[in-house]
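Chemist: Would you mind keeping the following structure in view while I ask a few things?
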Amino acid sequence: MSQYKPNHIPLRVRLVCAFLILVCVAYGVAELANGYTYVPAKRGGFFISGIPTLIIAISSFLFSIVAALFIIDHYDKRDNEKFYSVGIKIIFNVALYMFLGAPLIEILEAVLMRNGIDVFPKFHGFAETFSYHSPGMRELLIYVTPISNKALYILGGACSLVLISEFLEKYHRGKYKSLCPILGGIAMIGFGTFILSISCEELLLGEAGFGKDHAYAVTAMDDPAKFNAVLLTGFIVGGMFFFSGCMGLMGSVIKKMKMSRRNKSQPNDLLFK
């Protein structure tokens with residue numbers, strides 16, 4: 001009979017899970033406060049509110065539970081990995097379907113309302129008049145503007161790194177094996193910086209643009225709930241790009257250091273010479 005070996009979750013995965021717990025809980029609370037969710041799209045974007053926003057908030061809390069179960073599973077030395085696996089799978093699927101189904105419920109509600117059918121209960125954010133912006137924040141623009149003014153250059157650089165990485169991966173995989181993940185990580189950080197710089201500038205200005213080429217705008221003074229929703233989406237998406245890039249870059253560097261210590265340098269890889 002083989003000896004039982006507890007499940008081991010790598011430290012990097014646990015750190016990512018801890019980060020996701022904080023993000024998902026904060027996002028869910030913010031959704032409940034705003035009462036609105038901004039969904040970006042190819043030709044602009046749209047807002048959803050009411051019950052669909054409540055569903056998205058609940059799904060965020062469920063995602064945080066999934067991340068927490070990964071961490072708990074690591075420290076639980078009992079022979080019950082099967083229960084964690086089943087629980088994670090069920091909760092994740094429920095959260096995913098709720099998250100993806102919320103916009104469809106918004107569409108269904110709009111169709112029913114046009115036909116004079118009002119069946120969905122009303123849900124309003126508990127802090128719809130609160131705004132992330134305050135007038136004093138404009139003084140901080142001098143620190144953000146130098147970066148936001150170069151946002152397009154940052155985006156172009158990130159796209160270039162992705163193309164270079166794809167080219168090297170396809171045609172020179174063996175020679176640049178460890179360089180491609182590093183380029184990819186830097187590109188992710190670039191995408192995150194691009195989105196975060198724009199979102200920070202909008203926060204400090206008190207006006208958030210959305211739609212194709214930012215054709216529409218909401219202000220913190222006139223519509224704080226929608227203003228918060230646009231910013232929240234920007235910070236979440238930009239933050240995920242930035243964090244993913246940092247974790248990927250850090251993982252590549254740590255892997256290189258470990259292989260160097262073990263004297264397993266690869267002669268065909270430029271980073272190991």
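Following the order of the structure tokens, first chain is A, next is B, and so on, with residues numbered from 1 inside each chain and ligands from 1 in the order they appear.
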Could the residues of segment 35-133 of chain A that have an atom at most 9 Å from segment 26-29 of chain A be listed as JSON lines, each with its closest atom pair and the distance in Å to one decimal, counting only C-alpha atoms and ordered by chain and ascending residue number?

Modeler:
```
{"residue": "A:Leu54", "atom": "CA", "partner": "A:Gly28", "partner_atom": "CA", "distance": 8.6}
{"residue": "A:Ile56", "atom": "CA", "partner": "A:Gly28", "partner_atom": "CA", "distance": 7.4}
{"residue": "A:Ala57", "atom": "CA", "partner": "A:Gly28", "partner_atom": "CA", "distance": 4.2}
{"residue": "A:Ile58", "atom": "CA", "partner": "A:Gly28", "partner_atom": "CA", "distance": 6.8}
{"residue": "A:Ser59", "atom": "CA", "partner": "A:Gly28", "partner_atom": "CA", "distance": 8.0}
{"residue": "A:Ser60", "atom": "CA", "partner": "A:Gly28", "partner_atom": "CA", "distance": 5.4}
{"residue": "A:Phe61", "atom": "CA", "partner": "A:Gly28", "partner_atom": "CA", "distance": 6.2}
```

Chemist: State, in Å with one decimal place, the distance from atom CA of Asn7 of chain A to atom CA of Lys89 of chain A.

Modeler: 16.4 Å

Chemist: Identify, with DSSP run on backbone atoms, the residues in segment 4-192 of chain A assigned to strand (DSSP E or B), and express the list as a PyMOL selection string.

Modeler: chain A and resi 36-41+44-49

Chemist: So, with only C-alpha atoms as the atoms that count, which of A:Gly156, A:Glu109, A:Ile65, A:Ile195 lies closest to Val230 of chain A?

Modeler: A:Ile195

Chemist: Give me, as a ChimeraX atom specification, all polymer residues having an atom no more than 12 Å from Ala127 of chain A, counting only C-alpha atoms and skipping those fewer than 2 positions away in the same chain.

Modeler: /A:29-36,123-125,129-132,224-226,228

Chemist: Do you have the atom CA of Cys246 of chain A-atom CA of Cys17 of chain A distance handy?

Modeler: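 Separation between atom CA of Cys246 of chain A and atom CA of Cys17 of chain A: 14.7 Å.
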
Chemist: When you look at Pro146 of chain A with a cut-off of 12 Å (counting only C-alpha atoms), what residues show up, excluding the ones that are within fewer than 4 positions of it in the same chain? I need them as a PyMOL selection string.

Modeler: chain A and resi 140-142+150-151+153-154+197-198+200-201

Chemist: Please, what distance in Å, to one decimal, runs between atom CA of Pro103 of chain A and atom CA of Leu155 of chain A?

Modeler: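 Between atom CA of Pro103 of chain A and atom CA of Leu155 of chain A the gap is 28.8 Å.
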
Chemist: Between A:Met221, A:Val144, A:Leu231, A:Ile107, which is the closest to Gly209 of chain A once you count only C-alpha atoms?

Modeler: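 Result for the nearest residue to Gly209 of chain A: A:Leu231.
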
Chemist: Taking only C-alpha atoms into account, name the residue in A:Val23, A:Ile254, A:Asp76, A:Tyr97 that is nearest to Phe235 of chain A.

Modeler: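 Of A:Val23, A:Ile254, A:Asp76, A:Tyr97, the one nearest Phe235 of chain A is A:Val23, counting only C-alpha atoms.
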
Chemist: Can you tell me, as a ChimeraX atom specification, which residues in segment 54-222 of chain A count as alpha helix (DSSP H) by DSSP?

Modeler: /A:54-75,81-114,141-148,151-171,179-205

Chemist: For Ile48 of chain A, which residue among A:Ile88, A:Glu128, A:Ala229, A:Val16 is the nearest when counting only C-alpha atoms?

Modeler: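 Of A:Ile88, A:Glu128, A:Ala229, A:Val16, the one nearest Ile48 of chain A, counting only C-alpha atoms, is A:Ala229.
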
Chemist: Closest to Pro10 of chain A among A:Ile71, A:Val218, A:Ile117, A:Leu249, using only C-alpha atoms?

Modeler: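 For Pro10 of chain A, the nearest of the candidates is A:Ile71.
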
Chemist: Of the candidates A:Thr193, A:Ser49, A:Ser165, A:Ser160, which shows the shortest atom-to-atom distance to Phe243 of chain A, using only C-alpha atoms?

Modeler: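 Nearest candidate to Phe243 of chain A out of A:Thr193, A:Ser49, A:Ser165, A:Ser160: A:Thr193.
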